[in-house]
file target.txt (compact mmCIF, C-alpha atoms and all ligand atoms)
# COMPACT_ATOMS: atom_id res chain seq x y z
CA MET A 1 -46.26 255.25 48.32
CA PRO A 2 -48.74 253.49 50.66
CA VAL A 3 -52.09 255.22 51.12
CA SER A 4 -53.78 255.48 54.46
CA ILE A 5 -57.39 256.39 54.98
CA GLU A 6 -56.49 257.50 58.46
CA THR A 7 -54.96 260.95 57.91
CA ALA A 8 -54.19 264.16 59.79
CA PHE A 9 -57.65 265.32 58.66
CA THR A 10 -59.61 262.30 59.93
CA LYS A 11 -57.83 262.52 63.29
CA GLN A 12 -58.41 266.27 63.62
CA ILE A 13 -62.12 266.11 62.72
CA GLY A 14 -62.94 262.74 64.25
CA VAL A 15 -64.34 261.07 61.14
CA LYS A 16 -63.63 257.59 59.74
CA TYR A 17 -62.76 258.50 56.16
CA PRO A 18 -61.01 261.48 54.55
CA ILE A 19 -63.96 262.37 52.34
CA ILE A 20 -65.87 265.68 52.43
CA CYS A 21 -69.07 266.41 50.57
CA GLY A 22 -68.32 270.04 49.68
CA PRO A 23 -70.89 272.79 50.25
CA MET A 24 -72.98 273.28 47.12
CA TYR A 25 -75.46 275.99 46.21
CA PRO A 26 -78.06 274.70 45.30
CA CYS A 27 -77.33 270.96 45.67
CA SER A 28 -76.63 270.57 49.42
CA ASN A 29 -79.89 269.13 50.73
CA PRO A 30 -79.92 267.88 54.34
CA GLU A 31 -80.39 264.22 53.30
CA LEU A 32 -77.22 264.32 51.17
CA ILE A 33 -75.17 265.96 53.93
CA ALA A 34 -76.39 263.47 56.52
CA ALA A 35 -75.80 260.46 54.21
CA VAL A 36 -72.15 261.41 53.69
CA SER A 37 -71.58 261.85 57.42
CA GLU A 38 -73.43 258.65 58.22
CA ALA A 39 -71.25 256.74 55.72
CA GLY A 40 -68.09 257.86 57.53
CA GLY A 41 -67.13 261.02 55.59
CA ILE A 42 -68.38 264.50 56.48
CA GLY A 43 -71.15 266.49 54.80
CA VAL A 44 -70.89 270.28 54.81
CA VAL A 45 -73.91 272.58 55.01
CA GLN A 46 -74.23 275.52 52.60
CA PRO A 47 -76.45 277.77 54.75
CA LEU A 48 -77.88 279.88 51.92
CA SER A 49 -78.80 276.74 50.00
CA LEU A 50 -80.40 275.20 53.07
CA MET A 51 -82.54 278.29 53.54
CA TYR A 52 -83.32 279.64 50.08
CA VAL A 53 -83.40 276.42 48.06
CA HIS A 54 -84.42 273.73 50.52
CA GLY A 55 -86.71 275.87 52.61
CA TYR A 56 -85.25 275.37 56.10
CA GLU A 57 -84.39 278.00 58.67
CA LEU A 58 -80.79 277.19 59.61
CA HIS A 59 -81.67 275.83 63.04
CA ASP A 60 -84.39 273.56 61.62
CA GLY A 61 -82.14 272.36 58.80
CA LEU A 62 -79.40 271.41 61.25
CA GLN A 63 -81.95 269.64 63.42
CA LYS A 64 -83.09 267.72 60.33
CA ILE A 65 -79.50 266.60 59.65
CA LYS A 66 -79.10 265.59 63.29
CA SER A 67 -82.28 263.53 63.08
CA LEU A 68 -80.64 261.51 60.26
CA THR A 69 -77.16 261.02 61.71
CA ASN A 70 -75.28 261.33 65.00
CA ARG A 71 -72.01 261.80 63.17
CA PRO A 72 -70.15 265.11 62.70
CA PHE A 73 -71.17 267.54 59.96
CA GLY A 74 -69.63 270.82 58.84
CA MET A 75 -70.75 274.26 57.67
CA ASN A 76 -69.52 276.65 54.97
CA VAL A 77 -69.10 280.31 55.92
CA ILE A 78 -68.75 282.86 53.12
CA VAL A 79 -66.70 285.53 54.85
CA GLU A 80 -66.56 288.02 51.98
CA LYS A 81 -67.78 291.43 53.17
CA SER A 82 -70.49 291.93 50.54
CA SER A 83 -72.89 293.75 52.87
CA GLU A 84 -73.43 294.33 56.57
CA LYS A 85 -76.60 292.26 56.36
CA HIS A 86 -74.68 289.30 54.94
CA GLU A 87 -71.98 289.51 57.61
CA LYS A 88 -74.56 289.72 60.37
CA TYR A 89 -76.35 286.69 58.91
CA MET A 90 -73.09 284.72 58.69
CA ARG A 91 -72.10 285.56 62.29
CA LYS A 92 -75.53 284.46 63.51
CA SER A 93 -75.24 281.28 61.41
CA VAL A 94 -71.90 280.38 63.02
CA ASP A 95 -73.40 280.88 66.50
CA ILE A 96 -76.38 278.67 65.64
CA ALA A 97 -74.15 275.96 64.12
CA LEU A 98 -71.93 275.95 67.20
CA GLU A 99 -75.00 275.67 69.45
CA GLU A 100 -76.14 272.71 67.34
CA GLY A 101 -72.81 270.94 67.85
CA CYS A 102 -71.10 271.68 64.52
CA ARG A 103 -67.32 271.82 65.01
CA PHE A 104 -65.98 271.87 61.45
CA PHE A 105 -66.17 275.04 59.36
CA ILE A 106 -64.99 275.80 55.84
CA THR A 107 -64.52 279.51 55.16
CA SER A 108 -64.53 280.97 51.65
CA LEU A 109 -63.76 284.22 49.85
CA GLY A 110 -62.40 286.58 52.50
CA ASN A 111 -60.74 287.02 55.88
CA PRO A 112 -61.57 284.02 58.11
CA GLN A 113 -60.31 285.66 61.33
CA TRP A 114 -63.64 286.20 63.10
CA VAL A 115 -64.74 282.65 62.30
CA VAL A 116 -61.45 281.25 63.64
CA SER A 117 -61.82 283.13 66.91
CA ALA A 118 -65.49 282.11 67.41
CA VAL A 119 -64.90 278.47 66.47
CA LYS A 120 -61.65 278.04 68.43
CA LYS A 121 -63.40 279.18 71.61
CA ALA A 122 -65.74 276.21 71.17
CA GLY A 123 -62.89 273.80 70.39
CA GLY A 124 -63.71 273.56 66.68
CA ILE A 125 -61.66 273.42 63.50
CA VAL A 126 -61.59 275.85 60.56
CA TYR A 127 -60.36 275.10 57.03
CA HIS A 128 -60.17 277.79 54.35
CA ASP A 129 -60.86 277.47 50.60
CA VAL A 130 -57.86 278.50 48.52
CA THR A 131 -56.89 278.51 44.85
CA ALA A 132 -53.35 279.91 45.22
CA ARG A 133 -50.54 280.39 47.73
CA LYS A 134 -51.16 284.11 48.33
CA TRP A 135 -54.64 283.37 49.76
CA ALA A 136 -53.28 280.46 51.79
CA GLU A 137 -50.62 282.67 53.40
CA LYS A 138 -53.28 285.11 54.64
CA ALA A 139 -55.54 282.34 55.91
CA ILE A 140 -52.70 280.60 57.76
CA ASP A 141 -51.74 283.96 59.35
CA HIS A 142 -55.32 284.19 60.60
CA GLY A 143 -55.00 280.79 62.29
CA VAL A 144 -56.87 278.30 60.10
CA ASP A 145 -56.15 274.61 60.75
CA GLY A 146 -56.15 273.31 57.18
CA LEU A 147 -56.72 274.26 53.55
CA ILE A 148 -59.26 273.15 50.97
CA CYS A 149 -57.20 273.32 47.78
CA VAL A 150 -59.55 274.07 44.88
CA ASN A 151 -57.94 273.00 41.62
CA ASN A 152 -58.58 273.52 37.92
CA ARG A 153 -60.80 270.43 37.55
CA ALA A 154 -63.29 271.44 40.25
CA GLY A 155 -67.02 271.99 39.86
CA GLY A 156 -68.33 275.38 41.01
CA HIS A 157 -65.71 278.15 40.87
CA ALA A 158 -62.65 276.26 39.69
CA GLY A 159 -59.09 277.29 40.47
CA ALA A 160 -56.30 277.84 37.94
CA HIS A 161 -53.75 275.25 39.13
CA SER A 162 -53.62 271.47 38.96
CA ALA A 163 -53.93 269.34 42.10
CA GLN A 164 -50.20 268.55 41.98
CA GLU A 165 -49.18 272.21 41.51
CA LEU A 166 -51.36 273.29 44.43
CA PHE A 167 -50.05 270.53 46.65
CA ASP A 168 -46.43 271.42 45.85
CA SER A 169 -46.95 275.12 46.51
CA LEU A 170 -48.91 274.64 49.78
CA LYS A 171 -47.28 271.67 51.52
CA SER A 172 -44.68 273.85 53.27
CA PHE A 173 -47.44 275.32 55.48
CA GLY A 174 -47.48 271.98 57.30
CA VAL A 175 -51.28 271.87 57.73
CA PRO A 176 -53.59 269.18 56.31
CA LEU A 177 -54.40 269.83 52.64
CA ILE A 178 -57.65 268.65 51.05
CA CYS A 179 -57.88 268.08 47.31
CA ALA A 180 -61.03 269.75 45.94
CA GLY A 181 -61.71 269.02 42.30
CA GLY A 182 -61.47 266.16 39.87
CA ILE A 183 -62.30 263.27 42.19
CA GLY A 184 -64.86 261.10 40.40
CA ASN A 185 -63.77 257.54 41.07
CA GLU A 186 -61.63 255.31 43.28
CA GLU A 187 -58.49 255.90 41.23
CA ASP A 188 -58.79 259.69 41.55
CA PHE A 189 -59.24 259.28 45.32
CA ILE A 190 -56.18 257.05 45.67
CA ASN A 191 -54.08 259.36 43.46
CA ALA A 192 -54.94 262.37 45.63
CA LEU A 193 -53.93 260.50 48.80
CA LYS A 194 -50.73 259.32 47.11
CA MET A 195 -49.88 262.93 46.20
CA GLY A 196 -49.91 263.61 49.92
CA TYR A 197 -53.36 265.14 50.38
CA ALA A 198 -54.99 264.44 53.75
CA GLY A 199 -58.38 264.01 52.11
CA VAL A 200 -60.66 264.94 49.25
CA GLN A 201 -63.63 267.26 48.88
CA MET A 202 -66.13 266.18 46.25
CA GLY A 203 -69.10 267.96 44.76
CA THR A 204 -69.95 266.58 41.32
CA ARG A 205 -69.69 262.88 42.34
CA PHE A 206 -72.16 263.47 45.18
CA ILE A 207 -74.72 265.24 42.95
CA ALA A 208 -75.05 261.97 40.99
CA THR A 209 -76.28 260.07 44.05
CA LYS A 210 -79.69 258.86 45.16
CA GLU A 211 -79.66 261.10 48.24
CA CYS A 212 -79.07 264.34 46.34
CA SER A 213 -82.43 265.99 45.71
CA GLU A 214 -81.47 267.48 42.34
CA LYS A 215 -83.55 266.50 39.32
CA ASP A 216 -82.85 263.24 37.49
CA ASP A 217 -81.96 264.91 34.20
CA TYR A 218 -79.17 266.89 35.91
CA LYS A 219 -77.80 263.68 37.49
CA GLN A 220 -78.07 261.88 34.15
CA ALA A 221 -76.26 264.74 32.39
CA ILE A 222 -73.34 264.24 34.83
CA VAL A 223 -73.30 260.51 33.99
CA ASP A 224 -73.52 261.14 30.23
CA THR A 225 -71.13 264.09 29.89
CA ASN A 226 -67.48 263.89 29.00
CA GLU A 227 -64.99 266.41 30.40
CA LYS A 228 -64.62 268.10 27.02
CA ASP A 229 -68.19 269.34 27.51
CA ILE A 230 -67.37 271.09 30.76
CA VAL A 231 -66.99 274.81 30.11
CA LEU A 232 -66.31 277.89 32.20
CA THR A 233 -69.00 280.54 32.02
CA GLU A 234 -68.83 284.08 33.42
CA ARG A 235 -72.54 284.66 32.81
CA VAL A 236 -73.85 283.26 36.09
CA THR A 237 -71.77 284.86 38.85
CA GLY A 238 -69.49 287.14 36.83
CA ILE A 239 -66.47 284.93 37.56
CA PRO A 240 -65.72 281.65 35.74
CA LEU A 241 -68.08 278.89 36.84
CA SER A 242 -67.70 275.29 35.69
CA VAL A 243 -70.87 274.05 33.97
CA ILE A 244 -72.04 271.42 31.48
CA ARG A 245 -72.26 272.70 27.91
CA THR A 246 -75.98 272.49 27.14
CA PRO A 247 -77.75 273.94 24.08
CA TYR A 248 -78.75 276.86 26.33
CA VAL A 249 -75.14 277.57 27.38
CA GLU A 250 -74.10 277.42 23.71
CA HIS A 251 -76.91 279.78 22.78
CA VAL A 252 -76.22 282.49 25.37
CA GLY A 253 -72.42 282.18 25.28
CA THR A 254 -70.00 282.11 28.21
CA LYS A 255 -68.64 285.67 28.33
CA ILE A 256 -69.97 288.78 30.03
CA SER A 257 -70.25 292.06 28.12
CA PRO A 258 -67.29 294.48 27.91
CA LEU A 259 -69.24 296.94 30.12
CA SER A 260 -69.82 294.32 32.83
CA ARG A 261 -66.17 293.31 32.63
CA PHE A 262 -65.15 296.96 33.16
CA LEU A 263 -67.55 297.35 36.11
CA PHE A 264 -66.18 294.16 37.70
CA LYS A 265 -62.65 295.58 37.55
CA TYR A 266 -63.40 299.13 38.70
CA PRO A 267 -63.04 299.19 42.53
CA LEU A 268 -66.10 301.39 43.17
CA THR A 269 -68.50 299.19 41.20
CA LYS A 270 -66.91 295.75 41.73
CA LYS A 271 -68.70 295.12 45.03
CA TRP A 272 -72.12 296.02 43.55
CA MET A 273 -71.54 293.91 40.47
CA ARG A 274 -70.66 290.89 42.61
CA MET A 275 -73.74 291.45 44.75
CA TRP A 276 -75.99 291.77 41.72
CA TYR A 277 -74.61 288.72 39.94
CA GLY A 278 -74.63 286.73 43.23
CA PHE A 279 -78.27 287.62 43.82
CA THR A 280 -79.41 286.76 40.30
CA ALA A 281 -77.41 283.48 40.37
CA MET A 282 -79.12 282.49 43.63
CA ARG A 283 -82.52 283.18 42.07
CA LYS A 284 -81.67 281.30 38.90
CA PHE A 285 -80.51 278.18 40.74
CA LYS A 286 -83.39 278.29 43.18
CA HIS A 287 -85.84 278.48 40.30
CA SER A 288 -84.25 275.58 38.43
CA ASN A 289 -84.30 273.44 41.56
CA LEU A 290 -87.95 274.02 42.25
CA TYR A 291 -89.29 273.74 38.74
CA GLY A 292 -87.20 270.92 37.39
CA GLY A 293 -84.04 270.67 35.35
CA SER A 294 -84.07 271.49 31.67
CA SER A 295 -81.53 272.47 29.07
CA LYS A 296 -82.35 276.08 30.05
CA ASP A 297 -80.59 275.59 33.38
CA TYR A 298 -76.99 275.96 34.30
CA TRP A 299 -75.86 272.55 35.49
CA GLN A 300 -72.70 273.02 37.52
CA ALA A 301 -70.21 270.15 37.33
CA GLY A 302 -66.48 269.56 37.24
CA LYS A 303 -64.22 267.64 34.90
CA CYS A 304 -64.48 264.42 36.92
CA VAL A 305 -67.76 263.79 35.02
CA SER A 306 -65.65 261.56 32.75
CA HIS A 307 -65.18 259.17 35.69
CA ILE A 308 -68.81 259.04 36.85
CA HIS A 309 -70.82 256.30 35.16
CA SER A 310 -73.91 255.83 37.28
CA VAL A 311 -76.15 257.34 39.91
CA GLU A 312 -75.40 255.43 43.12
CA SER A 313 -76.13 255.68 46.82
CA VAL A 314 -73.72 257.77 48.90
CA ALA A 315 -72.85 254.71 51.01
CA ASP A 316 -71.89 252.74 47.86
CA VAL A 317 -69.68 255.54 46.55
CA ILE A 318 -67.83 255.89 49.85
CA GLU A 319 -67.56 252.14 50.38
CA LYS A 320 -66.03 251.68 46.88
CA PHE A 321 -63.49 254.46 47.45
CA VAL A 322 -62.44 253.16 50.84
CA SER A 323 -62.16 249.50 49.88
CA ALA A 324 -60.13 250.39 46.76
CA ALA A 325 -57.74 252.44 48.91
CA LYS A 326 -57.40 249.59 51.41
CA LYS A 327 -56.78 247.10 48.57
CA ASP A 328 -54.15 249.38 47.03
CA ASN A 329 -52.09 248.91 50.17
CA ASN A 330 -52.08 245.13 49.98
C1 LIG B 1 -73.17 272.50 41.98
C2 LIG B 1 -72.01 273.00 42.78
C3 LIG B 1 -72.21 274.04 43.67
C4 LIG B 1 -71.16 274.49 44.47
N1 LIG B 1 -71.39 275.47 45.39
C5 LIG B 1 -70.41 275.83 46.25
C6 LIG B 1 -70.67 276.76 47.29
O1 LIG B 1 -71.77 277.28 47.43
N2 LIG B 1 -69.65 277.07 48.14
C7 LIG B 1 -68.40 276.50 48.03
O2 LIG B 1 -67.51 276.81 48.83
N3 LIG B 1 -68.13 275.60 47.05
C8 LIG B 1 -69.10 275.25 46.17
N4 LIG B 1 -68.86 274.30 45.23
C9 LIG B 1 -67.55 273.60 45.22
C10 LIG B 1 -67.63 272.27 45.98
O3 LIG B 1 -67.83 272.47 47.36
C11 LIG B 1 -66.35 271.42 45.77
O4 LIG B 1 -65.21 272.09 46.24
C12 LIG B 1 -66.16 271.08 44.30
O5 LIG B 1 -67.36 270.62 43.76
C13 LIG B 1 -65.10 270.00 44.13
O6 LIG B 1 -64.96 269.69 42.78
P1 LIG B 1 -65.72 268.44 42.07
O7 LIG B 1 -67.03 268.98 41.66
O8 LIG B 1 -64.81 268.13 40.93
O9 LIG B 1 -65.81 267.33 43.05
C14 LIG B 1 -69.88 273.88 44.37
C15 LIG B 1 -69.69 272.84 43.44
C16 LIG B 1 -70.73 272.39 42.66
C17 LIG B 1 -70.50 271.25 41.70
call {"tool": "encode", "arguments": {"input": "target.txt", "output": "structure tokens"}}
result
Amino acid sequence: MPVSIETAFTKQIGVKYPIICGPMYPCSNPELIAAVSEAGGIGVVQPLSLMYVHGYELHDGLQKIKSLTNRPFGMNVIVEKSSEKHEKYMRKSVDIALEEGCRFFITSLGNPQWVVSAVKKAGGIVYHDVTARKWAEKAIDHGVDGLICVNNRAGGHAGAHSAQELFDSLKSFGVPLICAGGIGNEEDFINALKMGYAGVQMGTRFIATKECSEKDDYKQAIVDTNEKDIVLTERVTGIPLSVIRTPYVEHVGTKISPLSRFLFKYPLTKKWMRMWYGFTAMRKFKHSNLYGGSSKDYWQAGKCVSHIHSVESVADVIEKFVSAAKKDNN
């Protein structure tokens, strides 16, 4: 099957290449986001990371990105109703992003309806993160334009299904599907396009770039690690998170206690548990970013580590992917 780098996604968003730098707490620094957009893909802002880790008020952070590129950028909106304060903050963030010219939004973890209605009014596009068909059905009913399909090789909170299984179960919706997870090199990129995906969303590959402001030992760990050393831990956010097995991870283990597991399941306490774990995870990652990586940190990464062999510039990564895809057609 021929691959085209011009896809339903690139046409809808108005970018050159079907490559998204996914939102990452804590790794999404403005320079990384801008570099991906400038190289022809699209970088996506993680607002909490911008503010709590990188020290920008949202408006200033977006201005910083705009000072580095004139090209489109996106923003992640966590729509889960964890607290009124969070929802208020997210609604304000969407308004600010729209004012600053952002027209691509990726919603996660809840009902995207209010984001769709705010963004559509401004002529923008909303994609929703999904790991299974039941979540996709709801999101499509609420009017999203495309789906970010998070598979079982992804960094961050991985899904349970393979890229092929997700594609097969979601293609009937007829919206552009983006493959999130397991894209580390040119071959992975081409394979995803050949499967029928309209683009890829990468996290781990972009951490190991010069523009990402993470510490060198984290980047080097991505280069050095093999996928057999990627493990899922519940100890950071309470739900399985894909991280590199370090001596620290081995030492503390990857499971939460039986009591925590019970409290996560029980409807009355679930919300509080998620808030508590979310808050401590934010603090943990913020701390590790400011004070330098060490084996005491959780280094999030996906299974594509096996295909990442050096720290490169964002432009080089994107250029290699695109020229390999073009060559594959000849
Ligand atoms: C360090 C890290 C942090 C992440 N944080 C977030 C996040 O805050 N919100 C989100 O929607 N996805 C998050 N993700 C998922 C990425 O946006 C992307 O979907 C994923 O990394 C793709 O898999 P890959 O790492 O194999 O490329 C994170 C991923 C990583 C590696």
call {"tool": "residues_near_ligand", "arguments": {"input": "target.txt", "ligand": "ligand LIG 1 (chain B)", "cutoff": "9 Å", "atoms": "only C-alpha atoms and all ligand atoms", "output": "JSON, numbers by chain"}}
result
{"A": [20, 21, 22, 23, 24, 25, 26, 27, 28, 44, 46, 47, 48, 49, 76, 77, 78, 106, 107, 108, 109, 129, 148, 149, 150, 151, 152, 153, 154, 155, 156, 157, 158, 179, 180, 181, 182, 183, 184, 200, 201, 202, 203, 204, 205, 206, 207, 242, 243, 299, 300, 301, 302, 303, 304, 305]}
call {"tool": "closest_residue", "arguments": {"input": "target.txt", "among": "A:Pro72, A:Pro267, A:Gly61, A:Gly253", "to": "Ile13 (chain A)", "atoms": "only C-alpha atoms"}}
result
A:Pro72
call {"tool": "closest_residue", "arguments": {"input": "target.txt", "among": "A:Glu57, A:Glu137, A:Asp328, A:Asp224", "to": "Ser310 (chain A)", "atoms": "all atoms listed in the file"}}
result
A:Asp224
call {"tool": "residues_near_point", "arguments": {"input": "target.txt", "point": "(-58.1, 289.9, 53.5)", "cutoff": "7 Å", "atoms": "all atoms listed in the file", "output": "list in words"}}
result
Gly110, Asn111 and Lys138 of chain A
call {"tool": "residues_around", "arguments": {"input": "target.txt", "residues": "Gly14 (chain A)", "least_positions_apart": "2", "cutoff": "10 Å", "atoms": "all atoms listed in the file", "output": "list of chain:residue names"}}
result
A:Ala8, A:Phe9, A:Thr10, A:Lys11, A:Gln12, A:Lys16, A:Tyr17, A:Pro18, A:Gly40, A:Gly41, A:Ile42, A:Arg71, A:Pro72
call {"tool": "closest_residue", "arguments": {"input": "target.txt", "among": "A:Lys121, A:Leu68, A:Ile318, A:Thr209", "to": "Arg103 (chain A)", "atoms": "all atoms listed in the file"}}
result
A:Lys121
call {"tool": "residues_around", "arguments": {"input": "target.txt", "residues": "Glu80 (chain A)", "least_positions_apart": "4", "cutoff": "12 Å", "atoms": "all atoms listed in the file", "output": "PyMOL selection string"}}
result
chain A and resi 84-88+90-91+107-115+271+274-275+278
call {"tool": "atom_distance", "arguments": {"input": "target.txt", "atom1": "CA of Ile239 (chain A)", "atom2": "CA of Asp297 (chain A)"}}
result
17.4 Å
call {"tool": "atom_distance", "arguments": {"input": "target.txt", "atom1": "CA of Lys194 (chain A)", "atom2": "CA of Ala132 (chain A)"}}
result
20.8 Å
call {"tool": "atom_distance", "arguments": {"input": "target.txt", "atom1": "CA of Tyr56 (chain A)", "atom2": "CA of Val15 (chain A)"}}
result
25.8 Å
call {"tool": "build_atoms", "arguments": {"input": "target.txt", "residues": "region 212-226 of chain A", "atoms": "N, CA and C atoms", "output": "short mmCIF file (atom, residue, chain, number, x, y, z; two decimals), in the frame of the given file"}}
result
data_model
loop_
_atom_site.label_atom_id
_atom_site.label_comp_id
_atom_site.auth_asym_id
_atom_site.auth_seq_id
_atom_site.Cartn_x
_atom_site.Cartn_y
_atom_site.Cartn_z
N CYS A 212 -79.03 262.94 46.77
CA CYS A 212 -79.07 264.34 46.34
C CYS A 212 -80.45 264.61 45.76
N SER A 213 -81.05 265.74 46.14
CA SER A 213 -82.43 265.99 45.71
C SER A 213 -82.52 266.71 44.36
N GLU A 214 -81.41 266.86 43.67
CA GLU A 214 -81.47 267.48 42.34
C GLU A 214 -82.28 266.61 41.38
N LYS A 215 -82.70 267.21 40.28
CA LYS A 215 -83.55 266.50 39.32
C LYS A 215 -82.77 265.42 38.58
N ASP A 216 -83.50 264.38 38.15
CA ASP A 216 -82.85 263.24 37.49
C ASP A 216 -82.11 263.62 36.22
N ASP A 217 -82.65 264.62 35.47
CA ASP A 217 -81.96 264.91 34.20
C ASP A 217 -80.61 265.60 34.44
N TYR A 218 -80.47 266.31 35.54
CA TYR A 218 -79.17 266.89 35.91
C TYR A 218 -78.19 265.76 36.26
N LYS A 219 -78.67 264.82 37.10
CA LYS A 219 -77.80 263.68 37.49
C LYS A 219 -77.39 262.89 36.24
N GLN A 220 -78.38 262.66 35.35
CA GLN A 220 -78.07 261.88 34.15
C GLN A 220 -77.08 262.63 33.25
N ALA A 221 -77.20 263.95 33.21
CA ALA A 221 -76.26 264.74 32.39
C ALA A 221 -74.83 264.56 32.92
N ILE A 222 -74.68 264.48 34.25
CA ILE A 222 -73.34 264.24 34.83
C ILE A 222 -72.82 262.87 34.37
N VAL A 223 -73.70 261.87 34.40
CA VAL A 223 -73.30 260.51 33.99
C VAL A 223 -72.93 260.49 32.50
N ASP A 224 -73.70 261.22 31.68
CA ASP A 224 -73.52 261.14 30.23
C ASP A 224 -72.40 262.04 29.69
N THR A 225 -72.05 263.08 30.44
CA THR A 225 -71.13 264.09 29.89
C THR A 225 -69.67 263.66 29.99
N ASN A 226 -68.92 264.10 29.00
CA ASN A 226 -67.48 263.89 29.00
C ASN A 226 -66.82 265.22 29.40
#
